[in-house]
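input12.cif, holding mmCIF, C-alpha atoms:
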```
data_structure
#
loop_
_atom_site.label_atom_id
_atom_site.label_comp_id
_atom_site.auth_asym_id
_atom_site.auth_seq_id
_atom_site.Cartn_x
_atom_site.Cartn_y
_atom_site.Cartn_z
CA MET Q 1031 -27.61 25.65 29.91
CA ALA Q 1032 -26.93 22.13 28.52
CA ILE Q 1033 -29.54 19.49 29.30
CA CYS Q 1034 -28.16 16.29 30.85
CA LEU Q 1035 -29.32 13.44 28.61
CA PRO Q 1036 -29.15 9.70 29.38
CA ASP Q 1037 -26.05 7.77 28.25
CA THR Q 1038 -27.54 4.60 26.78
CA GLN Q 1039 -24.15 3.39 25.47
CA ASP Q 1040 -23.22 2.35 29.02
CA ASP Q 1041 -26.31 0.16 29.39
CA THR Q 1042 -26.05 -3.63 29.47
CA PRO Q 1043 -26.72 -5.14 26.00
CA ASN Q 1044 -29.57 -7.60 25.49
CA VAL Q 1045 -27.08 -10.08 23.98
CA PRO Q 1046 -23.81 -10.03 26.00
CA ILE Q 1047 -21.30 -10.63 23.19
CA LYS Q 1048 -17.95 -8.89 22.76
CA LEU Q 1049 -17.46 -7.09 19.41
CA THR Q 1050 -14.11 -6.97 17.63
CA ARG Q 1051 -14.35 -3.59 15.87
CA VAL Q 1052 -16.90 -0.82 16.30
CA GLY Q 1053 -16.45 2.73 15.09
CA VAL Q 1054 -16.69 5.08 12.15
CA THR Q 1055 -15.57 4.93 8.53
CA GLY Q 1056 -15.11 7.58 5.87
CA VAL Q 1057 -14.11 10.52 8.09
CA LYS Q 1058 -12.62 13.09 5.68
CA LYS Q 1059 -10.28 15.84 6.87
CA LEU Q 1060 -7.96 18.47 5.42
CA LEU Q 1061 -4.39 17.88 6.56
CA GLN Q 1062 -1.29 20.01 6.09
CA LEU Q 1063 1.96 18.24 6.92
CA GLU Q 1064 5.00 20.41 7.55
CA ARG Q 1065 8.34 19.21 6.17
CA THR Q 1066 11.88 20.26 7.07
CA ASN Q 1067 13.34 22.54 4.36
CA LYS Q 1068 10.48 21.67 2.00
CA ARG Q 1069 7.08 23.11 1.23
CA PRO Q 1070 4.16 21.60 3.21
CA ILE Q 1071 2.12 18.71 1.80
CA ILE Q 1072 -1.63 19.28 1.57
CA LEU Q 1073 -3.64 16.06 1.86
CA LEU Q 1074 -7.33 15.17 1.99
CA PRO Q 1075 -7.22 11.90 3.95
CA THR Q 1076 -10.06 9.56 4.82
CA PHE Q 1077 -9.93 7.94 8.27
CA ASP Q 1078 -11.50 4.77 9.66
CA ALA Q 1079 -11.43 4.49 13.46
CA PHE Q 1080 -12.42 1.46 15.55
CA VAL Q 1081 -12.34 0.15 19.10
CA ASP Q 1082 -13.32 -3.21 20.51
CA LEU Q 1083 -16.43 -3.37 22.69
CA PRO Q 1084 -16.76 -5.46 25.86
CA SER Q 1085 -19.69 -7.82 26.27
CA ASP Q 1086 -21.19 -5.80 29.15
CA GLN Q 1087 -21.45 -2.51 27.24
CA LYS Q 1088 -24.28 -1.74 24.81
CA GLY Q 1089 -22.43 0.65 22.53
CA VAL Q 1090 -19.28 2.68 21.98
CA HIS Q 1091 -19.27 6.42 22.42
CA MET Q 1092 -19.18 6.87 18.65
CA SER Q 1093 -18.61 10.62 18.52
CA ARG Q 1094 -15.34 10.25 20.40
CA ASN Q 1095 -13.67 8.71 17.34
CA PRO Q 1096 -14.03 11.65 14.92
CA GLU Q 1097 -13.49 13.93 17.91
CA ALA Q 1098 -10.09 12.32 18.56
CA ILE Q 1099 -9.15 12.67 14.88
CA SER Q 1100 -10.10 16.35 14.85
CA GLU Q 1101 -8.23 17.13 18.08
CA VAL Q 1102 -5.00 15.54 16.87
CA LEU Q 1103 -5.19 17.21 13.45
CA GLU Q 1104 -5.75 20.58 15.13
CA THR Q 1105 -2.48 20.26 17.03
CA VAL Q 1106 -0.33 18.61 14.36
CA SER Q 1107 0.11 21.81 12.34
CA LYS Q 1108 1.57 23.48 15.44
CA ASP Q 1109 4.06 20.67 16.10
CA SER Q 1110 7.35 19.86 14.40
CA PRO Q 1111 7.10 17.84 11.15
CA VAL Q 1112 5.32 14.51 11.67
CA ASP Q 1113 4.85 11.52 9.38
CA VAL Q 1114 1.42 10.06 8.66
CA GLU Q 1115 1.97 6.81 10.56
CA SER Q 1116 3.01 8.76 13.67
CA LEU Q 1117 -0.06 10.93 13.20
CA CYS Q 1118 -2.20 7.77 13.30
CA ALA Q 1119 -0.36 6.66 16.44
CA LYS Q 1120 -1.22 9.99 18.10
CA ILE Q 1121 -4.90 9.47 17.25
CA VAL Q 1122 -4.75 5.98 18.77
CA GLU Q 1123 -3.32 7.46 21.99
CA LYS Q 1124 -6.16 9.99 22.09
CA MET Q 1125 -8.78 7.31 21.44
CA MET Q 1126 -7.35 5.10 24.19
CA THR Q 1127 -7.91 7.98 26.62
CA LYS Q 1128 -11.46 8.62 25.42
CA HIS Q 1129 -12.44 4.92 25.35
CA GLU Q 1130 -11.18 3.74 28.74
CA TYR Q 1131 -13.00 0.40 28.29
CA ALA Q 1132 -11.24 -0.44 25.00
CA LYS Q 1133 -8.50 -3.07 24.92
CA ARG Q 1134 -7.76 -2.55 21.22
CA VAL Q 1135 -7.92 0.61 19.12
CA GLU Q 1136 -7.28 0.84 15.38
CA ILE Q 1137 -7.00 3.83 13.06
CA SER Q 1138 -6.34 3.70 9.32
CA MET Q 1139 -5.85 6.51 6.84
CA THR Q 1140 -5.91 6.66 3.04
CA THR Q 1141 -5.23 9.68 0.86
CA ASP Q 1142 -4.22 10.64 -2.65
CA PHE Q 1143 -0.48 11.30 -2.83
CA MET Q 1144 1.14 13.23 -5.67
CA PHE Q 1145 4.73 12.51 -6.70
CA MET Q 1146 6.88 13.74 -9.57
CA LYS Q 1147 8.14 11.50 -12.35
CA GLU Q 1148 10.00 11.77 -15.65
CA SER Q 1149 8.89 10.03 -18.84
CA PRO Q 1150 11.42 7.37 -19.86
CA VAL Q 1151 12.85 8.91 -23.07
CA THR Q 1152 11.81 12.55 -23.48
CA LYS Q 1153 12.24 13.19 -19.73
CA ASN Q 1154 9.08 15.26 -19.51
CA LYS Q 1155 8.18 15.96 -15.90
CA THR Q 1156 4.73 14.79 -14.90
CA GLN Q 1157 2.65 14.63 -11.74
CA GLU Q 1158 1.72 11.06 -10.82
CA MET Q 1159 -0.88 9.85 -8.33
CA ALA Q 1160 -0.62 7.07 -5.78
CA GLN Q 1161 -2.60 6.14 -2.69
CA LEU Q 1162 -0.77 6.77 0.59
CA LYS Q 1163 -1.83 4.52 3.45
CA ALA Q 1164 -1.10 4.62 7.17
CA LYS Q 1165 -2.30 2.57 10.11
CA ALA Q 1166 -1.81 2.33 13.87
CA VAL Q 1167 -3.06 -0.27 16.33
CA GLY Q 1168 -3.02 0.18 20.09
CA ILE Q 1169 -3.28 -2.65 22.63
CA ARG Q 1170 -4.04 -2.14 26.34
CA ASP Q 1171 -2.91 -4.96 28.65
CA ASP Q 1172 -4.41 -5.99 31.99
CA ASN Q 1173 -2.08 -3.58 33.81
CA ASP Q 1174 -3.33 -0.65 31.69
CA ASN Q 1175 -0.07 -0.45 29.74
CA ILE Q 1176 -0.53 0.61 26.12
CA SER Q 1177 1.60 -0.50 23.18
CA ILE Q 1178 1.16 1.00 19.70
CA ARG Q 1179 2.36 -0.39 16.36
CA LYS Q 1180 2.25 1.86 13.32
CA SER Q 1181 2.54 1.16 9.59
CA ILE Q 1182 2.93 3.07 6.36
CA GLY Q 1183 2.06 1.88 2.87
CA ALA Q 1184 1.25 2.80 -0.70
CA GLU Q 1185 -0.94 1.63 -3.55
CA VAL Q 1186 0.38 2.23 -7.06
CA ILE Q 1187 -0.81 1.48 -10.60
CA GLY Q 1188 1.62 -0.13 -13.04
CA MET Q 1189 1.71 -2.42 -16.07
CA THR Q 1190 2.22 -6.17 -16.28
CA VAL Q 1191 2.77 -8.49 -19.24
CA CYS Q 1192 1.67 -12.14 -19.13
CA PRO Q 1193 4.65 -14.54 -19.48
CA CYS Q 1194 2.47 -17.51 -20.48
CA ALA Q 1195 0.81 -15.80 -23.44
CA GLN Q 1196 4.16 -14.37 -24.53
CA GLU Q 1197 5.78 -17.81 -24.60
CA SER Q 1198 2.93 -19.21 -26.69
CA VAL Q 1199 3.24 -16.33 -29.18
CA LYS Q 1200 7.00 -16.87 -29.33
CA GLU Q 1201 6.57 -20.58 -30.02
CA SER Q 1202 4.01 -19.91 -32.77
CA ASP Q 1203 6.28 -17.36 -34.43
CA LYS Q 1204 9.24 -19.72 -34.15
CA ASN Q 1205 7.39 -22.39 -36.10
CA LYS Q 1206 6.45 -19.88 -38.79
CA LEU Q 1207 10.05 -18.64 -39.08
CA LEU Q 1208 11.36 -22.19 -39.46
CA GLU Q 1209 9.28 -22.54 -42.61
CA PHE Q 1210 11.75 -20.31 -44.50
CA LEU Q 1211 14.76 -19.82 -42.14
CA ASP Q 1212 17.31 -22.26 -40.77
CA GLU Q 1213 17.43 -22.94 -37.01
CA GLU Q 1214 20.47 -20.73 -36.35
CA THR Q 1215 18.96 -17.69 -38.06
CA THR Q 1216 15.59 -18.35 -36.42
CA GLN Q 1217 17.23 -18.40 -33.01
CA LYS Q 1218 18.95 -15.06 -33.73
CA VAL Q 1219 15.58 -13.58 -34.59
CA LEU Q 1220 14.01 -15.00 -31.43
CA ASP Q 1221 16.83 -13.54 -29.34
CA THR Q 1222 16.50 -10.12 -30.97
CA VAL Q 1223 12.82 -9.24 -31.28
CA THR Q 1224 10.22 -8.61 -28.58
CA PHE Q 1225 7.13 -10.81 -28.66
CA ALA Q 1226 3.54 -9.78 -28.07
CA SER Q 1227 1.45 -10.75 -25.06
CA HIS Q 1228 -1.67 -9.56 -23.34
CA ASN Q 1229 -1.25 -6.80 -20.76
CA GLN Q 1230 -2.83 -5.93 -17.44
CA ARG Q 1231 -3.16 -2.78 -15.43
CA GLY Q 1232 -1.57 -3.85 -12.17
CA VAL Q 1233 -2.46 -2.41 -8.77
CA GLY Q 1234 0.30 -3.06 -6.25
CA THR Q 1235 -0.05 -2.44 -2.52
CA LEU Q 1236 2.69 -2.56 0.10
CA LEU Q 1237 2.39 -1.97 3.85
CA ILE Q 1238 5.23 -2.17 6.40
CA GLU Q 1239 5.38 -1.59 10.14
CA VAL Q 1240 7.70 1.21 11.21
CA PRO Q 1241 9.68 0.89 14.48
CA GLU Q 1242 10.01 4.04 16.60
CA ASP Q 1243 13.64 4.66 15.66
CA LYS Q 1244 13.20 4.02 11.93
CA VAL Q 1245 11.93 6.00 8.94
CA VAL Q 1246 10.17 4.67 5.83
CA LYS Q 1247 9.57 7.09 2.96
CA ALA Q 1248 6.44 6.71 0.87
CA GLU Q 1249 8.46 7.44 -2.26
CA ASP Q 1250 10.66 4.40 -1.56
CA LEU Q 1251 7.63 2.12 -1.24
CA ILE Q 1252 6.22 3.50 -4.49
CA GLU Q 1253 9.50 2.72 -6.24
CA ILE Q 1254 9.53 -0.84 -4.86
CA ILE Q 1255 5.97 -1.47 -6.06
CA GLU Q 1256 6.67 -0.06 -9.53
CA LYS Q 1257 9.85 -2.13 -9.91
CA SER Q 1258 7.96 -5.30 -9.00
CA MET Q 1259 5.82 -5.07 -12.16
CA SER Q 1260 6.75 -5.25 -15.83
CA SER Q 1261 6.87 -1.47 -16.16
CA PRO Q 1262 5.83 1.74 -14.44
CA VAL Q 1263 3.18 3.83 -16.16
CA CYS Q 1264 3.18 7.56 -16.74
CA GLU Q 1265 0.51 10.22 -17.29
CA LEU Q 1266 2.49 12.00 -20.03
CA LEU Q 1267 4.01 9.82 -22.74
CA LYS Q 1268 5.15 11.01 -26.16
CA ARG Q 1269 5.64 8.45 -28.94
CA PRO Q 1270 9.26 7.58 -27.98
CA ASP Q 1271 8.11 7.17 -24.35
CA GLU Q 1272 5.23 4.91 -25.39
CA ASN Q 1273 7.59 2.76 -27.40
CA ALA Q 1274 10.06 2.46 -24.52
CA THR Q 1275 7.33 1.65 -21.99
CA VAL Q 1276 5.82 -1.11 -24.14
CA MET Q 1277 9.18 -2.59 -25.16
CA ASN Q 1278 10.57 -2.55 -21.63
CA ALA Q 1279 7.41 -4.12 -20.23
CA HIS Q 1280 7.51 -6.99 -22.75
CA ARG Q 1281 11.15 -7.65 -21.88
CA LYS Q 1282 10.07 -8.23 -18.27
CA PRO Q 1283 6.90 -10.36 -18.26
CA VAL Q 1284 5.60 -11.20 -14.76
CA PHE Q 1285 2.71 -13.10 -13.22
CA VAL Q 1286 0.67 -11.57 -10.41
CA GLU Q 1287 2.53 -13.94 -8.08
CA ASP Q 1288 5.88 -12.63 -9.33
CA CYS Q 1289 4.91 -9.07 -8.41
CA VAL Q 1290 4.31 -9.98 -4.76
CA ARG Q 1291 7.53 -11.98 -4.57
CA ASN Q 1292 9.47 -9.13 -6.17
CA MET Q 1293 8.10 -6.68 -3.61
CA MET Q 1294 9.07 -8.96 -0.75
CA GLU Q 1295 12.59 -9.47 -2.10
CA GLN Q 1296 13.16 -5.71 -2.33
CA ILE Q 1297 11.68 -5.08 1.12
CA VAL Q 1298 13.96 -7.57 2.86
CA SER Q 1299 16.95 -6.02 1.09
CA LYS Q 1300 16.14 -2.38 1.87
CA TYR Q 1301 14.88 -2.80 5.43
CA SER Q 1302 17.05 -5.71 6.60
CA ASP Q 1303 17.96 -3.85 9.80
CA PHE Q 1304 14.33 -3.69 10.97
CA PRO Q 1305 13.27 -6.03 13.83
CA ASP Q 1306 12.32 -9.59 12.90
CA ASP Q 1307 8.73 -9.07 14.13
CA THR Q 1308 8.13 -6.23 11.63
CA LEU Q 1309 4.87 -7.05 9.85
CA ILE Q 1310 4.81 -6.72 6.05
CA THR Q 1311 1.86 -7.00 3.66
CA ALA Q 1312 2.30 -7.14 -0.12
CA ARG Q 1313 -0.69 -7.38 -2.46
CA GLN Q 1314 -1.12 -7.33 -6.23
CA GLU Q 1315 -4.30 -7.28 -8.29
CA ASN Q 1316 -4.03 -7.38 -12.08
CA GLN Q 1317 -6.99 -6.15 -14.08
CA GLU Q 1318 -7.10 -8.67 -16.90
CA SER Q 1319 -7.45 -7.64 -20.55
CA ILE Q 1320 -8.58 -11.00 -22.01
CA HIS Q 1321 -10.69 -12.18 -19.06
CA ARG Q 1322 -13.64 -10.70 -17.24
CA HIS Q 1323 -12.06 -11.59 -13.90
CA ASN Q 1324 -8.95 -10.18 -12.22
CA ALA Q 1325 -5.86 -11.98 -10.91
CA PHE Q 1326 -4.87 -11.56 -7.25
CA ALA Q 1327 -1.95 -12.50 -4.99
CA GLU Q 1328 -0.98 -11.52 -1.44
CA LYS Q 1329 1.54 -12.32 1.25
CA VAL Q 1330 1.40 -11.29 4.91
CA THR Q 1331 4.53 -12.12 6.88
CA THR Q 1332 7.14 -10.83 9.31
CA LEU Q 1333 10.62 -9.76 8.30
CA GLY Q 1334 12.10 -12.64 10.29
CA GLU Q 1335 9.91 -15.20 8.52
CA LEU Q 1336 10.81 -13.65 5.17
CA LYS Q 1337 14.54 -13.84 5.90
CA GLU Q 1338 14.11 -17.49 6.86
CA GLU Q 1339 12.29 -18.27 3.58
CA LEU Q 1340 15.04 -16.53 1.58
CA ASN Q 1341 17.86 -18.11 3.65
CA ILE Q 1342 19.13 -14.68 4.70
#
```
Structure translated into structure tokens:
Amino acid sequence: MAICLPDTQDDTPNVPIKLTRVGVTGVKKLLQLERTNKRPIILLPTFDAFVDLPSDQKGVHMSRNPEAISEVLETVSKDSPVDVESLCAKIVEKMMTKHEYAKRVEISMTTDFMFMKESPVTKNKTQEMAQLKAKAVGIRDDNDNISIRKSIGAEVIGMTVCPCAQESVKESDKNKLLEFLDEETTQKVLDTVTFASHNQRGVGTLLIEVPEDKVVKAEDLIEIIEKSMSSPVCELLKRPDENATVMNAHRKPVFVEDCVRNMMEQIVSKYSDFPDDTLITARQENQESIHRHNAFAEKVTTLGELKEELNI
């Protein structure tokens, strides 16, 4: 027979202050997602789950967060195919029931995501890795009505080439060429050859809210992120592939700021029919090769604000 133990979480705290987020991080689970007419996807996601805490309650019932995650994942394999952002929304619903005092509930999920790619010249098929992200936030109003907003995102590694360094190399080479070539011939050379620059490993992240009647594929977000940089990267590259990757990247030099702007431009084009209040986050961090620091840029906006900035 179970012993009834005291519930100290419901006590009054010594310092009556409301907390924004309380919960658990790093909850790992095995997840199999069924897909229509395709083989299932096996994922090993990590979940973070939080609720807000009122000022008159000492603590949250912490075990209810991983409990909600487990209960939803137990049922998802028996349901029809479900996307990861909707899965997070289901966990939020479950947590709202378990934490009746919570006004705000948040669940986020990150997992490795494998996708297939071809090398640029030899067309060798290779498995590539990205980070798949999903998030859901639930809000309970004063009338106990609950609204949930869900998002899907991806984090992808690519390659960037510095435009500033490339221009300085080009100018130096131009001056050297002019020592023994006329201006017309020098210009032809400048227009023909590809100039060196320093490179960065770029890490692009994109997150977009998904309305109930819309679908966003992770593969599409991965493509947008890769296109925003100088070049995609690939696990398997033979010599012709290496040459094409390097040459293509140096024909498209971009700053870290350019990457974020490129992502936003593609997002507003592809998802222009989404509601204006759709929240979008684009982030780029370039791991510098000639500095010890990294370069970073980010934009958080709504689709309506983005359309206004772009005069769409």
(request) List every protein, DNA or RNA residue that has an atom no more than 12 Å from (-8.2, -7.6, -25.5) in the file's coordinate frame, counting all atoms listed in the file, and report them as a PyMOL selection string. (result) chain Q and resi 1227-1230+1317-1322
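When the PyMOL selection byres ((chain Q and resi 1332) around 6) is run on the displayed coordinates, the residues it returns are Asp1307, Thr1308, Leu1309, Ile1310, Thr1331, Leu1333, Gly1334 and Glu1335 of chain Q.
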(message) What would the selection look like, as a VMD selection string, if the PyMOL selection byres ((chain Q and resi 1178-1189) around 7) were run on the coordinates I just shared?
(response) chain Q and resid 1115 to 1116 1119 1160 to 1169 1176 to 1177 1190 to 1191 1230 to 1240 1248 1251 to 1252 1255 to 1256 1259 to 1263
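Minimum atom-to-atom distance to Val1106 of chain Q, evaluated using all atoms listed in the file, belongs to Q:Leu1061 out of Q:Val1090, Q:Met1139, Q:Leu1061, Q:Cys1192.
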(message) Residues near Asp1086 of chain Q, anyone? I mean within 8 Å using all atoms listed in the file, not counting same-chain ones fewer than 6 positions away, as an NGL selection string.
(response) :Q and (1041-1043 or 1046-1048)
(request) I would like the residues chosen by the PyMOL selection byres ((chain Q and resi 1097-1102) around 10) on the shown file; could you give them as a list of chain:residue names? (result)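 So the PyMOL selection byres ((chain Q and resi 1097-1102) around 10), applied here, picks out Q:Val1057, Q:Lys1058, Q:Lys1059, Q:Leu1060, Q:Phe1077, Q:Asp1078, Q:Ala1079, Q:Met1092, Q:Ser1093, Q:Arg1094, Q:Asn1095, Q:Pro1096, Q:Leu1103, Q:Glu1104, Q:Thr1105, Q:Val1106, Q:Ser1107, Q:Leu1117, Q:Cys1118, Q:Lys1120, Q:Ile1121, Q:Val1122, Q:Glu1123, Q:Lys1124, Q:Met1125, Q:Met1126, Q:Thr1127, Q:Lys1128, Q:Ile1137.
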I'd like the neighbourhood of Ile1071 of chain Q as a PDB file with C-alpha atoms, in the coordinates of the input, where a residue qualifies if any of its atoms comes within 10 Å (using all atoms listed in the file), though same-chain residues fewer than 2 positions away should be ignored.
```pdb
ATOM      1  CA  LEU Q1061      -4.390  17.880   6.560  1.00  0.00           C
ATOM      2  CA  GLN Q1062      -1.290  20.010   6.090  1.00  0.00           C
ATOM      3  CA  LEU Q1063       1.960  18.240   6.920  1.00  0.00           C
ATOM      4  CA  GLU Q1064       5.000  20.410   7.550  1.00  0.00           C
ATOM      5  CA  ARG Q1065       8.340  19.210   6.170  1.00  0.00           C
ATOM      6  CA  LYS Q1068      10.480  21.670   2.000  1.00  0.00           C
ATOM      7  CA  ARG Q1069       7.080  23.110   1.230  1.00  0.00           C
ATOM      8  CA  LEU Q1073      -3.640  16.060   1.860  1.00  0.00           C
ATOM      9  CA  PHE Q1143      -0.480  11.300  -2.830  1.00  0.00           C
ATOM     10  CA  MET Q1144       1.140  13.230  -5.670  1.00  0.00           C
TER      11      MET Q1144
END
```
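Between atom CA of Glu1197 of chain Q and atom CA of Val1284 of chain Q there is a distance of 11.9 Å.
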(message) Just want the 12 Å neighbourhood of Val1219 of chain Q, counted on all atoms listed in the file, with same-chain residues fewer than 2 positions away dropped. Output as a ChimeraX atom specification.
(response) /Q:1200,1203-1204,1206-1208,1211-1217,1221-1225
(message) Just to confirm, what's the straight-line distance from atom CA of Asp1171 of chain Q to atom CA of Arg1051 of chain Q in Å (one decimal)?
(response)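 Taking atom CA of Asp1171 of chain Q and atom CA of Arg1051 of chain Q, their separation equals 17.2 Å.
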(request) Using atom CA of Glu1315 of chain Q and atom CA of Lys1153 of chain Q as the two end points, give the distance in Å to one decimal. (result)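 Atom CA of Glu1315 of chain Q sits 28.7 Å away from atom CA of Lys1153 of chain Q.
Residues surrounding segment 1267-1270 of chain Q within 9 Å are Q:Ser1149, Q:Pro1150, Q:Val1151, Q:Thr1152, Q:Asn1154, Q:Val1263, Q:Cys1264, Q:Asn1273, Q:Ala1274, Q:Thr1275 [all atoms listed in the file; sequence separation below 3 positions excluded].
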(message) Considering only C-alpha atoms, can you say which of Q:Gly1053, Q:Glu1253, Q:Ser1258, Q:Val1045 comes closest to Ser1085 of chain Q?
(response) Q:Val1045
